[in-house]
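Working notes, beginning with the structure itself.
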Amino acid sequence: MTNRQIAGRGSKLTIRDVATAAGVSTGTVSRVLNANATVRPDVRRKVQRAIDELGYAPNAVARSMRIRSTHTIGCILREINIPQLAGFVKAAHDVLDDEGFSLVISNSEGREERERELLSRLSSRQADGVMMGPYTPIEGEFEAFLRELDIPIVLIDRAQPPWADAVMADHAGGMRAAVGHLLDLGHRRVALITGERGLYPASERIRGYQEAYAARGLQPDPSLIQAGSFLPGAGFRITSALLGQRNPPTAVISGGIDMLSGVLRAVRGRGLRIPEDVSVIASGHSELAELVTPPIAVIGWDQGEIGRIAAGMLLDRIRNRDVQEAHQVLVPSEFIPRASVGPPRRAP
(Lines give C-alpha, C1' and ligand atoms only; values in the text may rest on other atoms or scores of the structure.)
Protein backbone atom coordinates (compact mmCIF):
# COMPACT_ATOMS: atom_id res chain seq x y z
CA MET A 1 0.00 0.00 0.00
CA THR A 2 1.35 3.39 -0.97
CA ASN A 3 1.60 6.36 1.40
CA ARG A 4 -1.23 8.04 -0.55
CA GLN A 5 -3.48 5.01 -0.02
CA ILE A 6 -2.58 4.84 3.66
CA ALA A 7 -3.24 8.55 4.15
CA GLY A 8 -6.66 8.13 2.54
CA ARG A 9 -7.79 6.11 5.54
CA GLY A 10 -7.88 9.35 7.61
CA SER A 11 -8.78 8.88 11.27
CA LYS A 12 -8.26 5.10 11.03
CA LEU A 13 -4.50 5.56 10.77
CA THR A 14 -2.49 3.57 13.29
CA ILE A 15 1.08 3.44 14.47
CA ARG A 16 1.50 0.37 12.25
CA ASP A 17 0.66 2.48 9.19
CA VAL A 18 3.36 4.98 10.14
CA ALA A 19 5.86 2.15 10.62
CA THR A 20 5.02 0.73 7.17
CA ALA A 21 5.37 4.12 5.49
CA ALA A 22 8.69 4.82 7.22
CA GLY A 23 10.06 1.31 6.73
CA VAL A 24 10.70 0.80 10.44
CA SER A 25 9.22 -1.24 13.27
CA THR A 26 6.23 -0.13 15.33
CA GLY A 27 8.54 -0.06 18.35
CA THR A 28 10.75 2.50 16.62
CA VAL A 29 7.74 4.71 15.85
CA SER A 30 6.64 4.42 19.48
CA ARG A 31 10.06 5.52 20.69
CA VAL A 32 9.97 8.52 18.35
CA LEU A 33 6.50 9.52 19.58
CA ASN A 34 7.67 9.25 23.18
CA ALA A 35 10.81 11.34 22.52
CA ASN A 36 13.12 8.48 23.41
CA ALA A 37 16.72 9.69 23.19
CA THR A 38 17.99 6.31 21.92
CA VAL A 39 16.53 6.82 18.42
CA ARG A 40 19.12 7.88 15.82
CA PRO A 41 18.52 11.34 14.32
CA ASP A 42 18.21 9.99 10.75
CA VAL A 43 15.62 7.41 11.82
CA ARG A 44 13.74 10.05 13.82
CA ARG A 45 13.59 12.28 10.74
CA LYS A 46 12.34 9.41 8.56
CA VAL A 47 9.55 8.59 11.01
CA GLN A 48 8.60 12.23 11.42
CA ARG A 49 8.44 12.63 7.65
CA ALA A 50 6.04 9.67 7.43
CA ILE A 51 3.89 11.15 10.21
CA ASP A 52 3.72 14.48 8.40
CA GLU A 53 2.95 12.96 5.02
CA LEU A 54 0.19 10.72 6.40
CA GLY A 55 -1.22 13.37 8.69
CA TYR A 56 -1.09 10.91 11.57
CA ALA A 57 -2.21 12.34 14.95
CA PRO A 58 -1.51 9.98 17.86
CA ASN A 59 -4.13 9.71 20.59
CA ALA A 60 -2.17 11.40 23.37
CA VAL A 61 -4.67 10.54 26.09
CA ALA A 62 -4.77 6.85 25.23
CA ARG A 63 -1.00 6.70 24.92
CA SER A 64 -0.47 8.37 28.28
CA MET A 65 -2.82 5.90 29.96
CA ARG A 66 -1.04 3.00 28.30
CA ILE A 67 2.48 4.03 29.27
CA ARG A 68 1.43 5.81 32.50
CA SER A 69 3.06 9.01 31.34
CA THR A 70 1.58 12.35 30.28
CA HIS A 71 4.91 13.89 29.26
CA THR A 72 3.94 16.87 31.42
CA ILE A 73 6.18 18.59 33.96
CA GLY A 74 4.83 20.96 36.59
CA CYS A 75 6.75 24.02 37.73
CA ILE A 76 5.54 25.80 40.89
CA LEU A 77 6.92 29.29 41.56
CA ARG A 78 6.02 31.87 44.21
CA GLU A 79 5.34 34.55 41.62
CA ILE A 80 5.43 33.77 37.89
CA ASN A 81 5.78 37.45 37.02
CA ILE A 82 9.22 37.93 38.60
CA PRO A 83 11.38 38.97 35.61
CA GLN A 84 14.55 37.38 37.01
CA LEU A 85 12.95 33.92 36.75
CA ALA A 86 12.41 34.19 32.98
CA GLY A 87 15.88 32.79 32.28
CA PHE A 88 15.20 29.80 34.51
CA VAL A 89 11.83 29.06 32.88
CA LYS A 90 13.15 29.44 29.32
CA ALA A 91 16.14 27.15 29.91
CA ALA A 92 14.07 24.47 31.65
CA HIS A 93 11.43 24.64 28.92
CA ASP A 94 14.01 24.16 26.17
CA VAL A 95 15.52 21.08 27.82
CA LEU A 96 12.12 19.49 28.41
CA ASP A 97 10.76 20.44 25.00
CA ASP A 98 13.69 18.74 23.28
CA GLU A 99 12.66 15.52 25.03
CA GLY A 100 8.96 15.85 24.17
CA PHE A 101 7.77 17.12 27.55
CA SER A 102 5.42 20.06 28.14
CA LEU A 103 6.05 22.52 30.98
CA VAL A 104 3.08 23.75 33.04
CA ILE A 105 3.85 26.78 35.24
CA SER A 106 1.78 27.61 38.32
CA ASN A 107 1.81 30.50 40.79
CA SER A 108 1.78 29.53 44.49
CA GLU A 109 1.61 33.09 45.86
CA GLY A 110 3.94 31.92 48.63
CA ARG A 111 1.08 30.19 50.48
CA GLU A 112 1.46 26.65 51.86
CA GLU A 113 -2.17 25.73 51.21
CA ARG A 114 -1.78 26.87 47.61
CA GLU A 115 1.44 24.87 47.21
CA ARG A 116 -0.32 21.75 48.51
CA GLU A 117 -3.28 22.33 46.20
CA LEU A 118 -1.07 22.68 43.13
CA LEU A 119 1.01 19.62 44.01
CA SER A 120 -2.11 17.51 44.57
CA ARG A 121 -3.54 18.70 41.27
CA LEU A 122 -0.37 17.83 39.34
CA SER A 123 -0.16 14.42 41.01
CA SER A 124 -3.80 13.55 40.34
CA ARG A 125 -3.39 14.51 36.70
CA GLN A 126 -0.38 12.19 36.46
CA ALA A 127 2.27 14.80 35.79
CA ASP A 128 5.58 13.01 35.34
CA GLY A 129 7.46 15.30 37.71
CA VAL A 130 7.59 18.67 39.42
CA MET A 131 10.14 21.45 39.80
CA MET A 132 9.40 23.82 42.65
CA GLY A 133 10.86 26.46 44.92
CA PRO A 134 8.45 26.30 47.88
CA TYR A 135 8.05 29.41 50.01
CA THR A 136 7.13 27.09 52.89
CA PRO A 137 9.98 25.37 54.78
CA ILE A 138 9.71 21.65 53.99
CA GLU A 139 9.40 20.08 57.40
CA GLY A 140 6.86 18.25 59.55
CA GLU A 141 3.48 17.73 57.91
CA PHE A 142 4.52 19.43 54.67
CA GLU A 143 7.48 17.08 54.26
CA ALA A 144 5.24 14.06 54.93
CA PHE A 145 2.76 15.39 52.37
CA LEU A 146 5.50 15.60 49.70
CA ARG A 147 6.65 12.05 50.39
CA GLU A 148 3.12 10.66 50.09
CA LEU A 149 2.68 12.21 46.63
CA ASP A 150 5.13 9.69 45.15
CA ILE A 151 6.03 11.98 42.24
CA PRO A 152 9.60 12.91 41.22
CA ILE A 153 10.45 16.39 42.55
CA VAL A 154 13.44 18.66 42.02
CA LEU A 155 13.68 21.56 44.45
CA ILE A 156 14.86 24.96 43.22
CA ASP A 157 17.09 26.89 45.63
CA ARG A 158 16.08 24.73 48.60
CA ALA A 159 18.48 22.45 50.48
CA GLN A 160 15.97 20.60 52.64
CA PRO A 161 14.82 17.90 52.91
CA PRO A 162 18.02 15.96 52.17
CA TRP A 163 16.15 13.16 50.38
CA ALA A 164 15.05 15.45 47.54
CA ASP A 165 17.02 16.33 44.40
CA ALA A 166 17.86 20.03 44.38
CA VAL A 167 19.65 22.78 42.43
CA MET A 168 20.82 25.78 44.43
CA ALA A 169 22.75 29.00 43.95
CA ASP A 170 25.82 29.59 46.13
CA HIS A 171 24.29 32.51 48.00
CA ALA A 172 26.82 32.29 50.82
CA GLY A 173 29.78 32.64 48.47
CA GLY A 174 28.36 35.65 46.67
CA MET A 175 27.39 37.31 49.94
CA ARG A 176 30.86 36.76 51.43
CA ALA A 177 32.41 38.54 48.46
CA ALA A 178 29.93 41.44 48.55
CA VAL A 179 30.13 42.09 52.29
CA GLY A 180 33.90 41.67 52.20
CA HIS A 181 34.10 44.33 49.50
CA LEU A 182 32.03 46.74 51.61
CA LEU A 183 34.09 46.08 54.74
CA ASP A 184 37.33 46.64 52.84
CA LEU A 185 35.96 50.03 51.70
CA GLY A 186 35.47 50.98 55.34
CA HIS A 187 31.82 50.13 55.91
CA ARG A 188 30.97 48.65 59.30
CA ARG A 189 27.19 49.05 59.45
CA VAL A 190 25.97 46.86 56.58
CA ALA A 191 22.28 45.99 56.55
CA LEU A 192 21.07 42.69 55.06
CA ILE A 193 17.36 42.40 54.26
CA THR A 194 16.28 38.89 53.30
CA GLY A 195 13.61 36.20 53.68
CA GLU A 196 12.76 33.76 56.43
CA ARG A 197 15.77 32.18 58.10
CA GLY A 198 14.28 28.73 57.57
CA LEU A 199 14.61 29.05 53.78
CA TYR A 200 17.90 28.14 52.13
CA PRO A 201 18.57 31.44 50.27
CA ALA A 202 18.08 33.50 53.43
CA SER A 203 20.07 31.24 55.75
CA GLU A 204 22.97 31.02 53.28
CA ARG A 205 23.06 34.78 52.75
CA ILE A 206 23.19 35.30 56.49
CA ARG A 207 25.98 32.74 56.81
CA GLY A 208 28.04 34.44 54.09
CA TYR A 209 27.43 37.85 55.70
CA GLN A 210 28.63 36.65 59.11
CA GLU A 211 31.65 34.84 57.65
CA ALA A 212 32.80 38.01 55.88
CA TYR A 213 32.80 39.91 59.17
CA ALA A 214 34.50 37.05 61.03
CA ALA A 215 37.24 36.79 58.39
CA ARG A 216 38.23 40.37 59.23
CA GLY A 217 37.95 40.00 62.99
CA LEU A 218 34.81 42.17 63.12
CA GLN A 219 31.45 41.78 64.83
CA PRO A 220 28.30 42.82 62.92
CA ASP A 221 25.38 44.53 64.61
CA PRO A 222 22.73 41.74 64.81
CA SER A 223 19.91 44.29 64.42
CA LEU A 224 21.12 45.02 60.89
CA ILE A 225 20.20 41.48 59.78
CA GLN A 226 16.50 41.67 58.96
CA ALA A 227 15.12 38.25 57.93
CA GLY A 228 11.43 37.71 57.37
CA SER A 229 10.25 38.29 53.80
CA PHE A 230 11.46 38.36 50.19
CA LEU A 231 8.67 40.70 49.06
CA PRO A 232 9.30 44.21 47.66
CA GLY A 233 6.93 45.74 50.21
CA ALA A 234 8.99 44.34 53.07
CA GLY A 235 12.15 45.66 51.40
CA PHE A 236 10.63 49.14 51.37
CA ARG A 237 9.38 49.10 54.97
CA ILE A 238 12.52 47.64 56.52
CA THR A 239 14.94 49.78 54.52
CA SER A 240 12.98 52.93 55.34
CA ALA A 241 12.99 52.07 59.05
CA LEU A 242 16.71 51.29 59.11
CA LEU A 243 17.66 54.47 57.27
CA GLY A 244 15.57 56.49 59.71
CA GLN A 245 17.54 55.30 62.73
CA ARG A 246 19.85 57.58 64.71
CA ASN A 247 22.78 55.42 63.58
CA PRO A 248 21.68 54.14 60.15
CA PRO A 249 23.50 51.59 58.00
CA THR A 250 25.97 52.92 55.46
CA ALA A 251 25.17 50.09 53.05
CA VAL A 252 22.06 48.01 52.31
CA ILE A 253 22.02 44.58 50.66
CA SER A 254 18.74 43.53 49.07
CA GLY A 255 18.78 39.81 49.83
CA GLY A 256 16.02 38.65 47.50
CA ILE A 257 15.60 38.70 43.72
CA ASP A 258 12.35 40.68 43.92
CA MET A 259 13.26 43.19 46.67
CA LEU A 260 15.40 45.79 44.92
CA SER A 261 12.52 48.04 43.85
CA GLY A 262 11.34 48.35 47.45
CA VAL A 263 14.84 49.14 48.71
CA LEU A 264 15.35 51.84 46.07
CA ARG A 265 11.98 53.43 46.83
CA ALA A 266 12.94 53.65 50.50
CA VAL A 267 16.31 55.24 49.72
CA ARG A 268 14.73 57.81 47.41
CA GLY A 269 11.96 58.43 49.92
CA ARG A 270 14.53 59.38 52.53
CA GLY A 271 16.11 61.81 50.10
CA LEU A 272 19.41 59.94 50.14
CA ARG A 273 21.93 59.57 47.31
CA ILE A 274 23.50 56.35 46.10
CA PRO A 275 26.36 55.73 46.85
CA GLU A 276 27.27 59.07 48.52
CA ASP A 277 24.87 58.53 51.45
CA VAL A 278 24.28 54.79 51.28
CA SER A 279 25.68 51.97 49.13
CA VAL A 280 23.22 49.47 47.67
CA ILE A 281 23.73 45.88 46.46
CA ALA A 282 21.07 43.68 44.82
CA SER A 283 20.65 39.91 44.61
CA GLY A 284 20.13 38.44 41.15
CA HIS A 285 20.66 39.93 37.71
CA SER A 286 17.89 42.26 36.53
CA GLU A 287 17.23 45.05 34.05
CA LEU A 288 16.32 47.31 36.97
CA ALA A 289 19.77 46.90 38.50
CA GLU A 290 21.46 47.65 35.17
CA LEU A 291 19.31 50.57 33.99
CA VAL A 292 18.74 52.57 37.18
CA THR A 293 21.09 55.48 37.89
CA PRO A 294 23.59 54.67 39.20
CA PRO A 295 23.70 51.01 38.12
CA ILE A 296 23.31 48.71 41.13
CA ALA A 297 26.03 46.25 42.16
CA VAL A 298 24.78 42.67 42.04
CA ILE A 299 25.34 39.30 43.65
CA GLY A 300 24.48 37.25 40.58
CA TRP A 301 24.20 33.69 39.35
CA ASP A 302 23.07 32.03 36.13
CA GLN A 303 19.32 31.38 36.36
CA GLY A 304 19.44 29.66 32.98
CA GLU A 305 22.01 27.19 34.25
CA ILE A 306 19.79 26.39 37.23
CA GLY A 307 16.88 25.78 34.84
CA ARG A 308 18.91 23.51 32.57
CA ILE A 309 20.30 21.47 35.47
CA ALA A 310 16.93 21.17 37.22
CA ALA A 311 15.16 19.96 34.06
CA GLY A 312 17.93 17.46 33.32
CA MET A 313 17.90 16.14 36.88
CA LEU A 314 14.14 15.69 36.77
CA LEU A 315 14.30 13.77 33.49
CA ASP A 316 16.99 11.53 34.99
CA ARG A 317 14.84 10.92 38.06
CA ILE A 318 11.76 10.13 35.95
CA ARG A 319 13.75 7.56 33.97
CA ASN A 320 15.54 6.12 37.01
CA ARG A 321 13.02 6.20 39.82
CA ASP A 322 14.64 3.23 41.53
CA VAL A 323 17.78 5.26 42.32
CA GLN A 324 17.56 6.19 45.99
CA GLU A 325 20.44 8.64 46.38
CA ALA A 326 19.46 12.30 46.12
CA HIS A 327 21.57 14.71 44.07
CA GLN A 328 22.15 18.31 45.04
CA VAL A 329 23.97 20.72 42.73
CA LEU A 330 25.43 24.09 43.72
CA VAL A 331 25.61 26.77 41.01
CA PRO A 332 28.31 29.42 41.68
CA SER A 333 27.47 33.05 42.29
CA GLU A 334 29.65 36.14 41.96
CA PHE A 335 29.75 39.72 43.16
CA ILE A 336 29.67 42.33 40.39
CA PRO A 337 30.65 45.78 41.75
CA ARG A 338 29.04 48.81 40.12
CA ALA A 339 28.67 52.53 40.74
CA SER A 340 26.12 51.99 43.55
CA VAL A 341 28.93 51.01 45.91
CA GLY A 342 31.47 53.43 47.37
CA PRO A 343 33.26 54.23 50.63
CA PRO A 344 31.03 55.25 53.55
CA ARG A 345 30.42 58.95 54.01
CA ARG A 346 32.64 60.35 56.76
CA ALA A 347 31.16 62.52 59.47
CA PRO A 348 32.33 66.16 59.22
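A note on labels: chains of the C-alpha coordinates are A, B, ... as shown, every chain counts residues from 1, and ligands are counted from 1 in their shown order.
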| request: Using DSSP on the backbone coordinates, identify all residues within range 42-181 of chain A classified as alpha helix (DSSP H); present the result as an MDAnalysis selection string. | output: chainID A and resid 42:54 60:67 86:98 112:124 140:149 171:181
| message | Residues near range 121-136 of chain A, anyone? I mean within 7 Å using only C-alpha atoms, not counting same-chain ones fewer than 4 positions away, as a PyMOL selection string. | response | chain A and resi 69-78+110+112+117+149+151-158+314+318
Create the file for the chosen residues now, containing N, CA, C and O atoms and written as an mmCIF file, in the first residue's frame.
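The result, written out as part_28.cif:
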data_model
loop_
_atom_site.group_PDB
_atom_site.id
_atom_site.type_symbol
_atom_site.label_atom_id
_atom_site.label_comp_id
_atom_site.auth_asym_id
_atom_site.auth_seq_id
_atom_site.Cartn_x
_atom_site.Cartn_y
_atom_site.Cartn_z
ATOM 1 N N SER A 69 2.270 7.789 31.438
ATOM 2 C CA SER A 69 3.056 9.012 31.336
ATOM 3 C C SER A 69 2.281 10.041 30.523
ATOM 4 O O SER A 69 1.687 9.712 29.499
ATOM 5 N N THR A 70 2.252 11.267 31.009
ATOM 6 C CA THR A 70 1.579 12.346 30.280
ATOM 7 C C THR A 70 2.574 13.257 29.592
ATOM 8 O O THR A 70 2.189 14.183 28.897
ATOM 9 N N HIS A 71 3.854 13.026 29.801
ATOM 10 C CA HIS A 71 4.906 13.894 29.264
ATOM 11 C C HIS A 71 4.647 15.356 29.636
ATOM 12 O O HIS A 71 4.815 16.261 28.832
ATOM 13 N N THR A 72 4.216 15.536 30.877
ATOM 14 C CA THR A 72 3.942 16.869 31.416
ATOM 15 C C THR A 72 4.755 17.078 32.686
ATOM 16 O O THR A 72 4.791 16.207 33.563
ATOM 17 N N ILE A 73 5.398 18.231 32.773
ATOM 18 C CA ILE A 73 6.177 18.589 33.959
ATOM 19 C C ILE A 73 5.565 19.836 34.579
ATOM 20 O O ILE A 73 5.300 20.820 33.890
ATOM 21 N N GLY A 74 5.339 19.798 35.880
ATOM 22 C CA GLY A 74 4.828 20.959 36.587
ATOM 23 C C GLY A 74 5.968 21.800 37.138
ATOM 24 O O GLY A 74 7.020 21.279 37.505
ATOM 25 N N CYS A 75 5.772 23.101 37.160
ATOM 26 C CA CYS A 75 6.754 24.021 37.734
ATOM 27 C C CYS A 75 5.997 25.005 38.625
ATOM 28 O O CYS A 75 5.160 25.769 38.138
ATOM 29 N N ILE A 76 6.257 24.962 39.927
ATOM 30 C CA ILE A 76 5.545 25.802 40.888
ATOM 31 C C ILE A 76 6.487 26.888 41.396
ATOM 32 O O ILE A 76 7.522 26.598 41.999
ATOM 33 N N LEU A 77 6.119 28.140 41.143
ATOM 34 C CA LEU A 77 6.916 29.290 41.562
ATOM 35 C C LEU A 77 6.081 30.188 42.468
ATOM 36 O O LEU A 77 4.851 30.199 42.384
ATOM 37 N N ARG A 78 6.754 30.955 43.323
ATOM 38 C CA ARG A 78 6.017 31.868 44.213
ATOM 39 C C ARG A 78 5.260 32.900 43.397
ATOM 40 O O ARG A 78 4.088 33.163 43.626
ATOM 41 N N GLY A 110 3.212 32.049 47.369
ATOM 42 C CA GLY A 110 3.936 31.919 48.625
ATOM 43 C C GLY A 110 3.101 31.376 49.768
ATOM 44 O O GLY A 110 3.467 31.513 50.935
ATOM 45 N N GLU A 112 1.322 28.096 51.727
ATOM 46 C CA GLU A 112 1.465 26.650 51.855
ATOM 47 C C GLU A 112 0.231 25.921 51.339
ATOM 48 O O GLU A 112 0.352 24.903 50.643
ATOM 49 N N GLU A 117 -2.227 22.482 47.205
ATOM 50 C CA GLU A 117 -3.280 22.329 46.205
ATOM 51 C C GLU A 117 -2.692 22.071 44.822
ATOM 52 O O GLU A 117 -3.151 21.177 44.091
ATOM 53 N N LEU A 149 3.073 11.950 48.014
ATOM 54 C CA LEU A 149 2.679 12.208 46.630
ATOM 55 C C LEU A 149 3.275 11.186 45.670
ATOM 56 O O LEU A 149 2.696 10.882 44.632
ATOM 57 N N ILE A 151 5.782 11.403 43.559
ATOM 58 C CA ILE A 151 6.033 11.977 42.241
ATOM 59 C C ILE A 151 7.434 12.577 42.261
ATOM 60 O O ILE A 151 7.838 13.180 43.261
ATOM 61 N N PRO A 152 8.244 12.357 41.225
ATOM 62 C CA PRO A 152 9.602 12.915 41.221
ATOM 63 C C PRO A 152 9.575 14.433 41.366
ATOM 64 O O PRO A 152 8.817 15.118 40.684
ATOM 65 N N ILE A 153 10.403 14.948 42.276
ATOM 66 C CA ILE A 153 10.447 16.389 42.547
ATOM 67 C C ILE A 153 11.896 16.862 42.558
ATOM 68 O O ILE A 153 12.768 16.203 43.126
ATOM 69 N N VAL A 154 12.143 17.985 41.917
ATOM 70 C CA VAL A 154 13.436 18.664 42.020
ATOM 71 C C VAL A 154 13.175 20.030 42.643
ATOM 72 O O VAL A 154 12.363 20.804 42.141
ATOM 73 N N LEU A 155 13.855 20.290 43.747
ATOM 74 C CA LEU A 155 13.682 21.562 44.446
ATOM 75 C C LEU A 155 14.598 22.621 43.842
ATOM 76 O O LEU A 155 15.738 22.339 43.475
ATOM 77 N N ILE A 156 14.098 23.843 43.759
ATOM 78 C CA ILE A 156 14.855 24.962 43.221
ATOM 79 C C ILE A 156 15.255 25.877 44.366
ATOM 80 O O ILE A 156 14.396 26.438 45.055
ATOM 81 N N ASP A 157 16.556 26.012 44.598
ATOM 82 C CA ASP A 157 17.092 26.891 45.633
ATOM 83 C C ASP A 157 16.588 26.524 47.024
ATOM 84 O O ASP A 157 16.323 27.394 47.850
ATOM 85 N N ARG A 158 16.455 25.228 47.277
ATOM 86 C CA ARG A 158 16.079 24.735 48.603
ATOM 87 C C ARG A 158 16.967 23.536 48.925
ATOM 88 O O ARG A 158 17.096 22.632 48.102
ATOM 89 N N LEU A 314 15.483 16.251 36.673
ATOM 90 C CA LEU A 314 14.138 15.691 36.772
ATOM 91 C C LEU A 314 13.920 14.597 35.731
ATOM 92 O O LEU A 314 13.332 13.555 36.027
ATOM 93 N N ILE A 318 12.939 10.773 36.541
ATOM 94 C CA ILE A 318 11.763 10.126 35.950
ATOM 95 C C ILE A 318 12.151 8.800 35.315
ATOM 96 O O ILE A 318 11.431 7.800 35.422
#
| Which residue, A:Val95, A:Ala164, A:Ala178, A:Val89, has the smallest gap to Gly304 in chain A when you use only C-alpha atoms? | A:Val89
| Residues within 10 Å of Ala86 in chain A, only C-alpha atoms, excluding chain neighbours under 4 positions, as a PyMOL selection string | chain A and resi 80-82+90-92+303-304+307
| query | Quick one: distance from CA of Val190 in chain A to CA of Gly235 in chain A in Å, one decimal? | reply | 14.8 Å
Within 9 Å of Ala326 in chain A using only C-alpha atoms, minus same-chain residues under 5 positions, as a PDB file with all heavy atoms, in the first residue's frame:
ATOM      1  N   PRO A 162      16.840  16.535  52.836  1.00  0.00           N
ATOM      2  CA  PRO A 162      18.016  15.958  52.174  1.00  0.00           C
ATOM      3  C   PRO A 162      17.687  14.829  51.204  1.00  0.00           C
ATOM      4  O   PRO A 162      18.524  14.488  50.375  1.00  0.00           O
ATOM      5  CB  PRO A 162      18.858  15.449  53.356  1.00  0.00           C
ATOM      6  CG  PRO A 162      17.886  15.261  54.478  1.00  0.00           C
ATOM      7  CD  PRO A 162      16.847  16.317  54.301  1.00  0.00           C
ATOM      8  N   TRP A 163      16.483  14.277  51.288  1.00  0.00           N
ATOM      9  CA  TRP A 163      16.148  13.161  50.383  1.00  0.00           C
ATOM     10  C   TRP A 163      15.711  13.632  49.001  1.00  0.00           C
ATOM     11  O   TRP A 163      15.526  12.814  48.096  1.00  0.00           O
ATOM     12  CB  TRP A 163      15.042  12.290  50.992  1.00  0.00           C
ATOM     13  CG  TRP A 163      13.823  13.019  51.479  1.00  0.00           C
ATOM     14  CD1 TRP A 163      13.547  13.391  52.753  1.00  0.00           C
ATOM     15  CD2 TRP A 163      12.710  13.461  50.679  1.00  0.00           C
ATOM     16  NE1 TRP A 163      12.334  14.044  52.824  1.00  0.00           N
ATOM     17  CE2 TRP A 163      11.801  14.101  51.563  1.00  0.00           C
ATOM     18  CE3 TRP A 163      12.397  13.389  49.324  1.00  0.00           C
ATOM     19  CZ2 TRP A 163      10.603  14.666  51.123  1.00  0.00           C
ATOM     20  CZ3 TRP A 163      11.213  13.956  48.884  1.00  0.00           C
ATOM     21  CH2 TRP A 163      10.325  14.581  49.778  1.00  0.00           C
ATOM     22  N   ALA A 164      15.547  14.938  48.818  1.00  0.00           N
ATOM     23  CA  ALA A 164      15.053  15.453  47.543  1.00  0.00           C
ATOM     24  C   ALA A 164      16.192  15.947  46.665  1.00  0.00           C
ATOM     25  O   ALA A 164      17.161  16.539  47.148  1.00  0.00           O
ATOM     26  CB  ALA A 164      14.051  16.583  47.787  1.00  0.00           C
ATOM     27  N   ASP A 165      16.080  15.734  45.356  1.00  0.00           N
ATOM     28  CA  ASP A 165      17.019  16.327  44.403  1.00  0.00           C
ATOM     29  C   ASP A 165      16.851  17.847  44.438  1.00  0.00           C
ATOM     30  O   ASP A 165      15.726  18.352  44.591  1.00  0.00           O
ATOM     31  CB  ASP A 165      16.745  15.818  42.989  1.00  0.00           C
ATOM     32  CG  ASP A 165      16.994  14.326  42.845  1.00  0.00           C
ATOM     33  OD1 ASP A 165      17.885  13.816  43.540  1.00  0.00           O
ATOM     34  OD2 ASP A 165      16.304  13.681  42.034  1.00  0.00           O
ATOM     35  N   ALA A 166      17.944  18.576  44.280  1.00  0.00           N
ATOM     36  CA  ALA A 166      17.857  20.030  44.377  1.00  0.00           C
ATOM     37  C   ALA A 166      18.969  20.703  43.579  1.00  0.00           C
ATOM     38  O   ALA A 166      20.058  20.157  43.422  1.00  0.00           O
ATOM     39  CB  ALA A 166      17.924  20.472  45.840  1.00  0.00           C
TER      40      ALA A 166
END
